[in-house]
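As provided, input18.pdb (PDB, C-alpha atoms and all ligand atoms) reads as follows.
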```
MODEL        1
ATOM      1  CA  MET U 341     135.699  25.879  39.526  1.00  0.00           C
ATOM      2  CA  GLN U 342     131.929  26.308  39.531  1.00  0.00           C
ATOM      3  CA  GLN U 343     132.169  27.886  43.009  1.00  0.00           C
ATOM      4  CA  LEU U 344     134.859  30.292  41.779  1.00  0.00           C
ATOM      5  CA  ARG U 345     132.680  31.301  38.816  1.00  0.00           C
ATOM      6  CA  LEU U 346     129.687  31.963  41.096  1.00  0.00           C
ATOM      7  CA  THR U 347     131.809  34.017  43.479  1.00  0.00           C
ATOM      8  CA  PHE U 348     133.168  36.059  40.573  1.00  0.00           C
ATOM      9  CA  LEU U 349     129.610  36.598  39.286  1.00  0.00           C
ATOM     10  CA  ALA U 350     128.397  37.717  42.735  1.00  0.00           C
ATOM     11  CA  VAL U 351     131.276  40.197  43.086  1.00  0.00           C
ATOM     12  CA  LEU U 352     130.610  41.502  39.568  1.00  0.00           C
ATOM     13  CA  LEU U 353     126.883  41.942  40.346  1.00  0.00           C
ATOM     14  CA  CYS U 354     127.673  43.782  43.592  1.00  0.00           C
ATOM     15  CA  PHE U 355     130.096  46.073  41.790  1.00  0.00           C
ATOM     16  CA  THR U 356     127.651  46.726  38.932  1.00  0.00           C
ATOM     17  CA  SER U 357     124.746  47.603  41.230  1.00  0.00           C
ATOM     18  CA  TYR U 358     127.050  49.826  43.285  1.00  0.00           C
ATOM     19  CA  ALA U 359     128.312  51.558  40.149  1.00  0.00           C
ATOM     20  CA  LEU U 360     124.773  52.125  38.855  1.00  0.00           C
ATOM     21  CA  ALA U 361     123.238  53.314  42.138  1.00  0.00           C
ATOM     22  CA  ASP U 362     122.343  56.996  42.219  1.00  0.00           C
ATOM     23  CA  THR U 363     124.015  58.986  44.970  1.00  0.00           C
ATOM     24  CA  MET U 364     121.444  60.493  47.321  1.00  0.00           C
ATOM     25  CA  TYR U 365     121.892  63.882  48.990  1.00  0.00           C
ATOM     26  CA  ASP U 366     119.455  64.119  51.880  1.00  0.00           C
ATOM     27  CA  LEU U 367     117.531  67.378  52.364  1.00  0.00           C
ATOM     28  CA  SER U 368     114.669  65.667  54.203  1.00  0.00           C
ATOM     29  CA  SER U 369     115.405  67.302  57.563  1.00  0.00           C
ATOM     30  CA  SER U 370     114.854  70.902  58.550  1.00  0.00           C
ATOM     31  CA  GLY U 371     117.672  73.226  57.476  1.00  0.00           C
ATOM     32  CA  ALA U 372     119.759  70.417  55.940  1.00  0.00           C
ATOM     33  CA  THR U 373     122.477  71.740  53.622  1.00  0.00           C
ATOM     34  CA  VAL U 374     124.565  69.888  51.044  1.00  0.00           C
ATOM     35  CA  THR U 375     127.202  70.967  48.533  1.00  0.00           C
ATOM     36  CA  ILE U 376     127.315  69.337  45.092  1.00  0.00           C
ATOM     37  CA  ASN U 377     129.711  70.342  42.303  1.00  0.00           C
ATOM     38  CA  GLY U 378     130.320  73.722  43.948  1.00  0.00           C
ATOM     39  CA  ALA U 379     126.604  74.536  44.372  1.00  0.00           C
ATOM     40  CA  ILE U 380     124.833  74.777  47.736  1.00  0.00           C
ATOM     41  CA  PHE U 381     121.378  73.304  48.375  1.00  0.00           C
ATOM     42  CA  GLN U 382     119.458  74.033  51.535  1.00  0.00           C
ATOM     43  CA  GLN U 383     116.114  72.888  52.914  1.00  0.00           C
ATOM     44  CA  GLY U 384     114.212  76.004  53.881  1.00  0.00           C
ATOM     45  CA  SER U 385     111.119  78.090  53.280  1.00  0.00           C
ATOM     46  CA  VAL U 386     110.037  81.508  52.303  1.00  0.00           C
ATOM     47  CA  GLN U 387     106.384  82.219  52.759  1.00  0.00           C
ATOM     48  CA  PRO U 388     104.335  83.115  50.904  1.00  0.00           C
ATOM     49  CA  SER U 389     105.916  81.864  47.702  1.00  0.00           C
ATOM     50  CA  GLY U 390     103.367  83.904  45.854  1.00  0.00           C
ATOM     51  CA  THR U 391     103.792  86.874  43.575  1.00  0.00           C
ATOM     52  CA  GLY U 392     106.652  89.192  44.425  1.00  0.00           C
ATOM     53  CA  GLU U 393     108.450  86.962  46.910  1.00  0.00           C
ATOM     54  CA  PHE U 394     108.854  83.923  44.721  1.00  0.00           C
ATOM     55  CA  ASN U 395     108.613  85.029  41.068  1.00  0.00           C
ATOM     56  CA  SER U 396     107.707  81.677  39.550  1.00  0.00           C
ATOM     57  CA  PHE U 397     109.327  80.958  36.175  1.00  0.00           C
ATOM     58  CA  LEU U 398     108.796  77.207  35.753  1.00  0.00           C
ATOM     59  CA  ARG U 399     105.900  74.996  36.724  1.00  0.00           C
ATOM     60  CA  ILE U 400     105.958  71.224  36.075  1.00  0.00           C
ATOM     61  CA  ARG U 401     103.186  68.778  36.819  1.00  0.00           C
ATOM     62  CA  ALA U 402     102.814  65.007  36.368  1.00  0.00           C
ATOM     63  CA  ASN U 403     102.474  62.004  38.635  1.00  0.00           C
ATOM     64  CA  GLY U 404     105.373  59.563  38.888  1.00  0.00           C
ATOM     65  CA  THR U 405     108.157  61.304  36.968  1.00  0.00           C
ATOM     66  CA  GLU U 406     108.065  64.802  35.480  1.00  0.00           C
ATOM     67  CA  TYR U 407     110.419  66.968  33.409  1.00  0.00           C
ATOM     68  CA  GLY U 408     110.492  70.518  32.134  1.00  0.00           C
ATOM     69  CA  TYR U 409     112.355  73.752  31.477  1.00  0.00           C
ATOM     70  CA  ASN U 410     111.376  77.414  31.426  1.00  0.00           C
ATOM     71  CA  THR U 411     110.325  78.784  28.053  1.00  0.00           C
ATOM     72  CA  ASP U 412     107.965  81.236  26.365  1.00  0.00           C
ATOM     73  CA  GLU U 413     106.777  78.489  24.021  1.00  0.00           C
ATOM     74  CA  PHE U 414     102.968  78.514  24.330  1.00  0.00           C
ATOM     75  CA  PRO U 415     100.242  77.331  24.205  1.00  0.00           C
ATOM     76  CA  HIS U 416     101.606  73.788  23.904  1.00  0.00           C
ATOM     77  CA  PRO U 417     104.968  73.490  25.649  1.00  0.00           C
ATOM     78  CA  PRO U 418     106.639  70.058  25.541  1.00  0.00           C
ATOM     79  CA  LEU U 419     107.265  67.621  28.389  1.00  0.00           C
ATOM     80  CA  ASP U 420     105.312  68.181  31.628  1.00  0.00           C
ATOM     81  CA  ILE U 421     105.559  71.975  31.577  1.00  0.00           C
ATOM     82  CA  GLN U 422     102.399  73.733  32.755  1.00  0.00           C
ATOM     83  CA  PRO U 423     101.500  76.471  30.266  1.00  0.00           C
ATOM     84  CA  GLY U 424     100.628  79.859  31.654  1.00  0.00           C
ATOM     85  CA  PRO U 425     102.944  82.865  31.283  1.00  0.00           C
ATOM     86  CA  GLN U 426     102.352  83.792  34.937  1.00  0.00           C
ATOM     87  CA  TRP U 427     103.982  80.480  35.988  1.00  0.00           C
ATOM     88  CA  THR U 428     106.353  79.492  33.197  1.00  0.00           C
ATOM     89  CA  HIS U 429     108.366  81.927  31.124  1.00  0.00           C
ATOM     90  CA  SER U 430     111.800  82.868  29.870  1.00  0.00           C
ATOM     91  CA  LEU U 431     114.225  84.275  32.401  1.00  0.00           C
ATOM     92  CA  LEU U 432     117.056  86.732  31.907  1.00  0.00           C
ATOM     93  CA  LEU U 433     120.213  85.742  33.742  1.00  0.00           C
ATOM     94  CA  SER U 434     120.483  89.369  34.830  1.00  0.00           C
ATOM     95  CA  ALA U 435     117.133  89.097  36.669  1.00  0.00           C
ATOM     96  CA  VAL U 436     118.287  86.312  39.026  1.00  0.00           C
ATOM     97  CA  PRO U 437     119.271  87.484  42.528  1.00  0.00           C
ATOM     98  CA  VAL U 438     122.944  87.134  43.440  1.00  0.00           C
ATOM     99  CA  PHE U 439     124.112  86.265  46.945  1.00  0.00           C
ATOM    100  CA  THR U 440     127.624  86.197  48.362  1.00  0.00           C
ATOM    101  CA  PHE U 441     128.807  83.629  50.898  1.00  0.00           C
ATOM    102  CA  ASN U 442     132.429  83.572  52.017  1.00  0.00           C
ATOM    103  CA  GLY U 443     133.470  85.692  49.059  1.00  0.00           C
ATOM    104  CA  VAL U 444     131.821  83.419  46.456  1.00  0.00           C
ATOM    105  CA  THR U 445     128.840  84.729  44.464  1.00  0.00           C
ATOM    106  CA  TYR U 446     125.877  82.496  43.684  1.00  0.00           C
ATOM    107  CA  TYR U 447     122.626  82.799  41.762  1.00  0.00           C
ATOM    108  CA  GLN U 448     119.751  81.951  44.079  1.00  0.00           C
ATOM    109  CA  PHE U 449     116.774  79.852  43.013  1.00  0.00           C
ATOM    110  CA  MET U 450     113.855  78.578  45.073  1.00  0.00           C
ATOM    111  CA  LEU U 451     111.851  75.404  44.672  1.00  0.00           C
ATOM    112  CA  ASP U 452     108.308  74.768  45.877  1.00  0.00           C
ATOM    113  CA  ILE U 453     107.286  71.108  45.786  1.00  0.00           C
ATOM    114  CA  ASN U 454     103.690  70.210  46.370  1.00  0.00           C
ATOM    115  CA  GLU U 455     103.442  66.682  47.650  1.00  0.00           C
ATOM    116  CA  SER U 456     100.875  64.916  49.814  1.00  0.00           C
ATOM    117  CA  GLN U 457     101.509  65.842  53.428  1.00  0.00           C
ATOM    118  CA  ASP U 458     101.481  62.277  54.766  1.00  0.00           C
ATOM    119  CA  LYS U 459     104.950  60.918  55.494  1.00  0.00           C
ATOM    120  CA  THR U 460     104.960  58.339  52.678  1.00  0.00           C
ATOM    121  CA  ASP U 461     104.131  60.629  49.784  1.00  0.00           C
ATOM    122  CA  SER U 462     105.658  63.847  51.095  1.00  0.00           C
ATOM    123  CA  LEU U 463     109.076  62.758  49.803  1.00  0.00           C
ATOM    124  CA  LEU U 464     110.199  63.684  46.294  1.00  0.00           C
ATOM    125  CA  SER U 465     113.473  63.196  44.458  1.00  0.00           C
ATOM    126  CA  LEU U 466     115.004  65.956  42.345  1.00  0.00           C
ATOM    127  CA  ASP U 467     116.926  63.751  39.927  1.00  0.00           C
ATOM    128  CA  THR U 468     117.972  66.074  37.144  1.00  0.00           C
ATOM    129  CA  LEU U 469     118.972  69.708  37.416  1.00  0.00           C
ATOM    130  CA  GLU U 470     120.819  71.452  34.610  1.00  0.00           C
ATOM    131  CA  PHE U 471     121.375  75.100  33.784  1.00  0.00           C
ATOM    132  CA  PHE U 472     121.941  76.401  30.250  1.00  0.00           C
ATOM    133  CA  THR U 473     122.216  79.823  28.694  1.00  0.00           C
ATOM    134  CA  GLY U 474     121.216  80.985  25.229  1.00  0.00           C
ATOM    135  CA  SER U 475     119.912  83.764  23.022  1.00  0.00           C
ATOM    136  CA  THR U 476     116.287  82.696  22.484  1.00  0.00           C
ATOM    137  CA  PRO U 477     113.407  83.007  24.982  1.00  0.00           C
ATOM    138  CA  SER U 478     111.832  79.842  23.509  1.00  0.00           C
ATOM    139  CA  PRO U 479     114.496  77.150  23.113  1.00  0.00           C
ATOM    140  CA  GLN U 480     113.444  74.110  21.101  1.00  0.00           C
ATOM    141  CA  CYS U 481     113.090  70.842  22.963  1.00  0.00           C
ATOM    142  CA  CYS U 482     115.013  69.196  24.669  1.00  0.00           C
ATOM    143  CA  PRO U 483     118.306  68.805  26.576  1.00  0.00           C
ATOM    144  CA  PRO U 484     120.839  67.560  25.650  1.00  0.00           C
ATOM    145  CA  GLY U 485     119.636  68.254  22.057  1.00  0.00           C
ATOM    146  CA  GLY U 486     117.471  70.964  20.544  1.00  0.00           C
ATOM    147  CA  ASP U 487     118.640  74.483  21.302  1.00  0.00           C
ATOM    148  CA  PHE U 488     120.509  73.290  24.365  1.00  0.00           C
ATOM    149  CA  GLY U 489     124.290  73.150  24.204  1.00  0.00           C
ATOM    150  CA  ALA U 490     126.550  71.980  26.976  1.00  0.00           C
ATOM    151  CA  ALA U 491     125.140  72.502  30.458  1.00  0.00           C
ATOM    152  CA  ARG U 492     126.670  75.388  32.390  1.00  0.00           C
ATOM    153  CA  TRP U 493     126.093  73.421  35.599  1.00  0.00           C
ATOM    154  CA  SER U 494     124.674  69.949  36.180  1.00  0.00           C
ATOM    155  CA  LEU U 495     123.665  67.963  39.256  1.00  0.00           C
ATOM    156  CA  ASP U 496     125.022  64.865  37.542  1.00  0.00           C
ATOM    157  CA  THR U 497     128.516  66.028  36.638  1.00  0.00           C
ATOM    158  CA  GLY U 498     130.892  63.332  37.863  1.00  0.00           C
ATOM    159  CA  ALA U 499     128.180  61.014  39.256  1.00  0.00           C
ATOM    160  CA  ASN U 500     124.476  60.310  38.974  1.00  0.00           C
ATOM    161  CA  ASN U 501     123.181  62.319  41.916  1.00  0.00           C
ATOM    162  CA  TYR U 502     119.788  63.212  43.302  1.00  0.00           C
ATOM    163  CA  LEU U 503     118.353  65.327  46.111  1.00  0.00           C
ATOM    164  CA  LEU U 504     115.760  63.914  48.500  1.00  0.00           C
ATOM    165  CA  LEU U 505     113.159  66.516  49.504  1.00  0.00           C
ATOM    166  CA  ASP U 506     110.334  66.419  52.043  1.00  0.00           C
ATOM    167  CA  SER U 507     107.274  68.575  51.482  1.00  0.00           C
ATOM    168  CA  SER U 508     105.975  67.989  55.030  1.00  0.00           C
ATOM    169  CA  LEU U 509     108.731  70.261  56.433  1.00  0.00           C
ATOM    170  CA  SER U 510     107.016  73.326  54.946  1.00  0.00           C
ATOM    171  CA  HIS U 511     103.421  74.438  54.822  1.00  0.00           C
ATOM    172  CA  GLY U 512     102.596  72.792  51.501  1.00  0.00           C
ATOM    173  CA  SER U 513     101.684  74.831  48.457  1.00  0.00           C
ATOM    174  CA  GLY U 514     102.507  78.472  48.912  1.00  0.00           C
ATOM    175  CA  SER U 515     105.758  78.085  50.814  1.00  0.00           C
ATOM    176  CA  SER U 516     109.040  77.008  49.254  1.00  0.00           C
ATOM    177  CA  ASP U 517     110.996  73.887  50.214  1.00  0.00           C
ATOM    178  CA  MET U 518     114.534  74.389  48.982  1.00  0.00           C
ATOM    179  CA  PHE U 519     117.085  77.042  48.060  1.00  0.00           C
ATOM    180  CA  ALA U 520     119.635  76.365  45.343  1.00  0.00           C
ATOM    181  CA  TYR U 521     122.785  78.486  45.114  1.00  0.00           C
ATOM    182  CA  ILE U 522     124.662  77.984  41.835  1.00  0.00           C
ATOM    183  CA  PRO U 523     128.098  79.658  41.460  1.00  0.00           C
ATOM    184  CA  THR U 524     127.880  82.661  39.120  1.00  0.00           C
ATOM    185  CA  SER U 525     131.294  81.635  37.728  1.00  0.00           C
ATOM    186  CA  ALA U 526     129.547  78.738  35.928  1.00  0.00           C
ATOM    187  CA  PHE U 527     127.693  81.280  33.759  1.00  0.00           C
ATOM    188  CA  ALA U 528     130.621  83.498  32.760  1.00  0.00           C
ATOM    189  CA  GLY U 529     130.107  84.889  29.252  1.00  0.00           C
ATOM    190  CA  GLY U 530     126.670  83.262  28.937  1.00  0.00           C
ATOM    191  CA  GLY U 531     123.230  84.688  28.363  1.00  0.00           C
ATOM    192  CA  PRO U 532     121.208  86.669  28.020  1.00  0.00           C
ATOM    193  CA  TYR U 533     118.645  83.925  28.769  1.00  0.00           C
ATOM    194  CA  LEU U 534     118.910  81.281  31.467  1.00  0.00           C
ATOM    195  CA  TYR U 535     117.254  77.881  31.011  1.00  0.00           C
ATOM    196  CA  LEU U 536     116.641  75.634  34.020  1.00  0.00           C
ATOM    197  CA  TYR U 537     115.905  72.016  33.125  1.00  0.00           C
ATOM    198  CA  SER U 538     114.747  69.768  35.961  1.00  0.00           C
ATOM    199  CA  GLY U 539     113.347  66.287  36.448  1.00  0.00           C
ATOM    200  CA  PHE U 540     111.689  64.711  39.479  1.00  0.00           C
ATOM    201  CA  GLY U 541     110.346  61.366  40.680  1.00  0.00           C
ATOM    202  CA  GLU U 542     112.862  58.779  39.498  1.00  0.00           C
ATOM    203  CA  ASN U 543     113.856  57.770  43.036  1.00  0.00           C
ATOM    204  CA  ASN U 544     110.774  59.050  44.951  1.00  0.00           C
ATOM    205  CA  ALA U 545     107.640  59.567  42.915  1.00  0.00           C
ATOM    206  CA  SER U 546     105.928  62.914  42.393  1.00  0.00           C
ATOM    207  CA  ASP U 547     102.294  63.284  43.341  1.00  0.00           C
ATOM    208  CA  ALA U 548      99.719  65.886  44.399  1.00  0.00           C
ATOM    209  CA  GLY U 549     100.329  69.414  43.050  1.00  0.00           C
ATOM    210  CA  PHE U 550     102.830  71.036  40.703  1.00  0.00           C
ATOM    211  CA  GLU U 551     106.544  71.602  41.264  1.00  0.00           C
ATOM    212  CA  GLU U 552     107.529  75.224  40.860  1.00  0.00           C
ATOM    213  CA  TRP U 553     110.848  77.043  40.470  1.00  0.00           C
ATOM    214  CA  GLY U 554     111.164  80.696  41.379  1.00  0.00           C
ATOM    215  CA  ALA U 555     113.755  83.428  41.665  1.00  0.00           C
ATOM    216  CA  GLY U 556     113.511  86.107  44.307  1.00  0.00           C
ATOM    217  CA  PRO U 557     112.494  89.647  43.443  1.00  0.00           C
ATOM    218  CA  PRO U 558     115.233  91.301  41.348  1.00  0.00           C
ATOM    219  CA  ASN U 559     115.518  94.098  43.906  1.00  0.00           C
ATOM    220  CA  SER U 560     116.612  91.541  46.517  1.00  0.00           C
ATOM    221  CA  THR U 561     119.992  91.263  44.788  1.00  0.00           C
ATOM    222  CA  GLY U 562     122.775  91.632  47.295  1.00  0.00           C
ATOM    223  CA  THR U 563     120.575  91.299  50.353  1.00  0.00           C
ATOM    224  CA  SER U 564     119.763  87.975  51.956  1.00  0.00           C
ATOM    225  CA  PRO U 565     116.110  87.303  52.866  1.00  0.00           C
ATOM    226  CA  VAL U 566     117.088  83.884  54.232  1.00  0.00           C
ATOM    227  CA  PRO U 567     119.679  82.626  56.690  1.00  0.00           C
ATOM    228  CA  GLU U 568     122.983  81.721  55.134  1.00  0.00           C
ATOM    229  CA  PRO U 569     123.385  78.002  54.474  1.00  0.00           C
ATOM    230  CA  SER U 570     123.807  76.415  57.883  1.00  0.00           C
ATOM    231  CA  SER U 571     127.054  74.609  57.018  1.00  0.00           C
ATOM    232  CA  ILE U 572     128.643  77.958  56.265  1.00  0.00           C
ATOM    233  CA  ILE U 573     127.246  79.413  59.479  1.00  0.00           C
ATOM    234  CA  LEU U 574     128.599  76.374  61.364  1.00  0.00           C
ATOM    235  CA  LEU U 575     131.970  76.807  59.671  1.00  0.00           C
ATOM    236  CA  SER U 576     132.151  80.500  60.438  1.00  0.00           C
ATOM    237  CA  SER U 577     130.908  80.057  64.041  1.00  0.00           C
ATOM    238  CA  GLY U 578     133.501  77.270  64.411  1.00  0.00           C
ATOM    239  CA  LEU U 579     136.188  79.651  63.165  1.00  0.00           C
ATOM    240  CA  MET U 580     134.908  82.361  65.526  1.00  0.00           C
ATOM    241  CA  THR U 581     135.047  79.882  68.441  1.00  0.00           C
ATOM    242  CA  LEU U 582     138.598  78.924  67.424  1.00  0.00           C
ATOM    243  CA  GLY U 583     139.470  82.607  67.153  1.00  0.00           C
ATOM    244  CA  GLY U 584     138.046  83.205  70.641  1.00  0.00           C
ATOM    245  CA  VAL U 585     140.058  80.287  72.065  1.00  0.00           C
ATOM    246  CA  LEU U 586     143.231  81.560  70.403  1.00  0.00           C
ATOM    247  CA  ARG U 587     142.582  85.075  71.696  1.00  0.00           C
ATOM    248  CA  ARG U 588     141.969  83.805  75.222  1.00  0.00           C
ATOM    249  CA  ARG U 589     145.205  81.801  75.079  1.00  0.00           C
ATOM    250  CA  LYS U 590     147.263  84.890  74.267  1.00  0.00           C
TER     251      LYS U 590
HETATM  252 CA    CA U 601     104.052  67.331  43.395  1.00  0.00          CA
HETATM  253 CA    CA U 602     105.956  61.980  46.656  1.00  0.00          CA
HETATM  254 CA    CA U 603     120.618  62.355  38.680  1.00  0.00          CA
ENDMDL
END
```

In structure tokens, what does this structure look like?
Ligand SMILES: [Ca+2]
Ligand SMILES: [Ca+2]
Ligand SMILES: [Ca+2]
Amino acid sequence: MQQLRLTFLAVLLCFTSYALADTMYDLSSSGATVTINGAIFQQGSVQPSGTGEFNSFLRIRANGTEYGYNTDEFPHPPLDIQPGPQWTHSLLLSAVPVFTFNGVTYYQFMLDINESQDKTDSLLSLDTLEFFTGSTPSPQCCPPGGDFGAARWSLDTGANNYLLLDSSLSHGSGSSDMFAYIPTSAFAGGGPYLYLYSGFGENNASDAGFEEWGAGPPNSTGTSPVPEPSSIILLSSGLMTLGGVLRRRK
């Protein structure tokens, strides 16, 4: 009976730890692409991620874990948000570039992580990513309370997910590390302001410099400065190959 109890306890423990484990999506190799809840995430760089190309709207900085959202609330923004209107500010949904892949439109965001370049510390987890819309440029802290209603899109819908990023794949500060494509359909009827709330470091600690979110220049709307997500390219090249085979067979 004792043995049976222990076995039951072991099974229960296994199940509990499995149920609680965060699901990791690996972007720690060059060009890696994953799809989560209809959004596409791709490892990749634009350089320089300076003014014009990157259009920073949220800068977060802390060691270990760090959290923040874009706002005009200065000079003392909450959480780990770095004040400075050139880095962190409100963002109009209408100012975010839109890209179309396979007939689906997405808002494009870029992320620049600044981690130590040695292989141990260059990793960073993006654990929380939520998008909200609202009418104020300075929403009061913090999701899921304050001025934040239901998220328009969340990384953690359906499961506790996180993205694993590697800063050593890019050239450090000044070049971006990841593209995020969020379906525009998630924002239907929302606005005019877009709030991005993100948290890092729960599964791989943050260190070194700030984490920075940017949106491409508004005039880039409709044109792609980056390669399409590789999975889509693979899919379409696979379809083209299939088409070629079918044509040759005729
Ligand atoms: Ca960092
Ligand atoms: Ca790190
Ligand atoms: Ca998560």

Using only C-alpha atoms and all ligand atoms, which residues have at least one atom no more than 8 Å from ligand CA 601 (chain U)? Output them as JSON, numbers by chain.
{"U": [401, 402, 403, 453, 454, 455, 456, 464, 546, 547, 548, 549, 550, 551]}

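The smallest atom-to-atom distance between ligand CA 602 (chain U) and any of U:Cys482, U:Ala490, U:Leu466, U:Ala555, using all atoms listed in the file, is found for U:Leu466.
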
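Environment of (117.9, 87.4, 38.3): residues at most 9 Å away, judged by only C-alpha atoms, are U:Leu431, U:Leu432, U:Leu433, U:Ser434, U:Ala435, U:Val436, U:Pro437, U:Val438, U:Tyr447, U:Gln448, U:Phe449, U:Ala555, U:Gly556, U:Pro557, U:Pro558, U:Thr561.
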
List every protein, DNA or RNA residue that has an atom no more than 9 Å from (108.3, 72.2, 57.0) in the file's coordinate frame, counting only C-alpha atoms, and report them as an NGL selection string.
:U and (369-370 or 383-385 or 506-512 or 515 or 517)

What does the file look like for those residues with C-alpha atoms, as a PDB file, in the coordinates of the input?
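Dumped everything to result26.pdb:
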```pdb
ATOM      1  CA  SER U 369     115.405  67.302  57.563  1.00  0.00           C
ATOM      2  CA  SER U 370     114.854  70.902  58.550  1.00  0.00           C
ATOM      3  CA  GLN U 383     116.114  72.888  52.914  1.00  0.00           C
ATOM      4  CA  GLY U 384     114.212  76.004  53.881  1.00  0.00           C
ATOM      5  CA  SER U 385     111.119  78.090  53.280  1.00  0.00           C
ATOM      6  CA  ASP U 506     110.334  66.419  52.043  1.00  0.00           C
ATOM      7  CA  SER U 507     107.274  68.575  51.482  1.00  0.00           C
ATOM      8  CA  SER U 508     105.975  67.989  55.030  1.00  0.00           C
ATOM      9  CA  LEU U 509     108.731  70.261  56.433  1.00  0.00           C
ATOM     10  CA  SER U 510     107.016  73.326  54.946  1.00  0.00           C
ATOM     11  CA  HIS U 511     103.421  74.438  54.822  1.00  0.00           C
ATOM     12  CA  GLY U 512     102.596  72.792  51.501  1.00  0.00           C
ATOM     13  CA  SER U 515     105.758  78.085  50.814  1.00  0.00           C
ATOM     14  CA  ASP U 517     110.996  73.887  50.214  1.00  0.00           C
TER      15      ASP U 517
END
```

Chain and number of each residue from the PyMOL selection byres (((not hetatm)) within 7 of (chain U and resi 603)), as a PyMOL selection string:
chain U and resi 362+467-468+495-496+500-502

Could you jot down the atom CA of U:Pro484 to atom CA of U:His416 separation for me, Å, one decimal place?
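That distance, rounded to one decimal, is 20.3 Å.
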
Residues near U:Leu398, cut-off 10 Å, only C-alpha atoms, skip fewer than 3 positions along chain, as a list of chain:residue names:
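Close residues of U:Leu398: U:Asn395, U:Gly408, U:Tyr409, U:Asn410, U:Thr411, U:Ile421, U:Gln422, U:Pro423, U:Gly424, U:Pro425, U:Gln426, U:Trp427, U:Thr428, U:His429, U:Ser430, U:Leu431, U:Leu451, U:Tyr535, U:Leu536, U:Tyr537, U:Ser538, U:Phe550, U:Glu551, U:Glu552, U:Trp553, U:Gly554, U:Ala555.
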
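For the pair atom CA of U:Ile522 and atom CA of U:Ile380, the separation is 6.7 Å.
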
Quick one: of U:Gly474, U:Glu406, U:Gly531, U:Asp487, who's nearest to ligand CA 602 (chain U), counting all atoms listed in the file?
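Once distances to ligand CA 602 (chain U) are computed over all atoms listed in the file, the minimum belongs to U:Glu406.
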
Can you sort out the box for stretch 415-427 of chain U, edges along x, y and z, all listed atoms in, 3 Å on every side, with centre and edge lengths in Å to one decimal, as AutoDock Vina command-line options?
```
--center_x 103.8 --center_y 75.7 --center_z 29.9 --size_x 13.0 --size_y 22.2 --size_z 18.1
```

Rounded to one decimal place, report the atom CA of U:Gly489-atom CA of U:Val444 distance in Å.
25.6 Å

Decode the PyMOL selection byres (((chain U and resi 504) around 8) and not hetatm) for the given file into explicit residues and return them as a PDB file with C-alpha atoms, in the frame of the given file.
```pdb
ATOM      1  CA  MET U 364     121.444  60.493  47.321  1.00  0.00           C
ATOM      2  CA  TYR U 365     121.892  63.882  48.990  1.00  0.00           C
ATOM      3  CA  ASP U 366     119.455  64.119  51.880  1.00  0.00           C
ATOM      4  CA  LEU U 367     117.531  67.378  52.364  1.00  0.00           C
ATOM      5  CA  SER U 368     114.669  65.667  54.203  1.00  0.00           C
ATOM      6  CA  LEU U 463     109.076  62.758  49.803  1.00  0.00           C
ATOM      7  CA  LEU U 464     110.199  63.684  46.294  1.00  0.00           C
ATOM      8  CA  SER U 465     113.473  63.196  44.458  1.00  0.00           C
ATOM      9  CA  LEU U 466     115.004  65.956  42.345  1.00  0.00           C
ATOM     10  CA  TYR U 502     119.788  63.212  43.302  1.00  0.00           C
ATOM     11  CA  LEU U 503     118.353  65.327  46.111  1.00  0.00           C
ATOM     12  CA  LEU U 505     113.159  66.516  49.504  1.00  0.00           C
ATOM     13  CA  ASP U 506     110.334  66.419  52.043  1.00  0.00           C
ATOM     14  CA  ASN U 544     110.774  59.050  44.951  1.00  0.00           C
TER      15      ASN U 544
END
```

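Nearest-residue note for U:Tyr407: choosing from U:Val386, U:Phe527, U:Phe540, U:Ala545, the minimum distance belongs to U:Phe540, counting only C-alpha atoms.
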
For the PyMOL selection byres (((chain U and resi 382) around 6) and not hetatm), applied here, can you spell out every residue it catches as a PyMOL selection string?
chain U and resi 372-373+381+383+518-519

Write to file, as a short mmCIF file (atom, residue, chain, number, x, y, z; two decimals), keeping the file's coordinate frame, the residues of the selection just made, with C-alpha atoms.
```
data_model
loop_
_atom_site.label_atom_id
_atom_site.label_comp_id
_atom_site.auth_asym_id
_atom_site.auth_seq_id
_atom_site.Cartn_x
_atom_site.Cartn_y
_atom_site.Cartn_z
CA ALA U 372 119.76 70.42 55.94
CA THR U 373 122.48 71.74 53.62
CA PHE U 381 121.38 73.30 48.38
CA GLN U 383 116.11 72.89 52.91
CA MET U 518 114.53 74.39 48.98
CA PHE U 519 117.08 77.04 48.06
#
```

Given only C-alpha atoms and all ligand atoms as the counted atoms, nearest of U:Pro523, U:Gly541, U:Pro483, U:Gly529 to ligand CA 602 (chain U)
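Smallest separation from ligand CA 602 (chain U) among the options: U:Gly541.
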
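Counting all atoms listed in the file, the residue from U:Thr405, U:Thr440, U:Ser516, U:Gln480 that sits nearest to ligand CA 602 (chain U) is U:Thr405.
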
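Restricting the calculation to all atoms listed in the file, the smallest distance between ligand CA 602 (chain U) and any of U:Pro532, U:Gly485, U:Gly404, U:Pro477 is found for U:Gly404.
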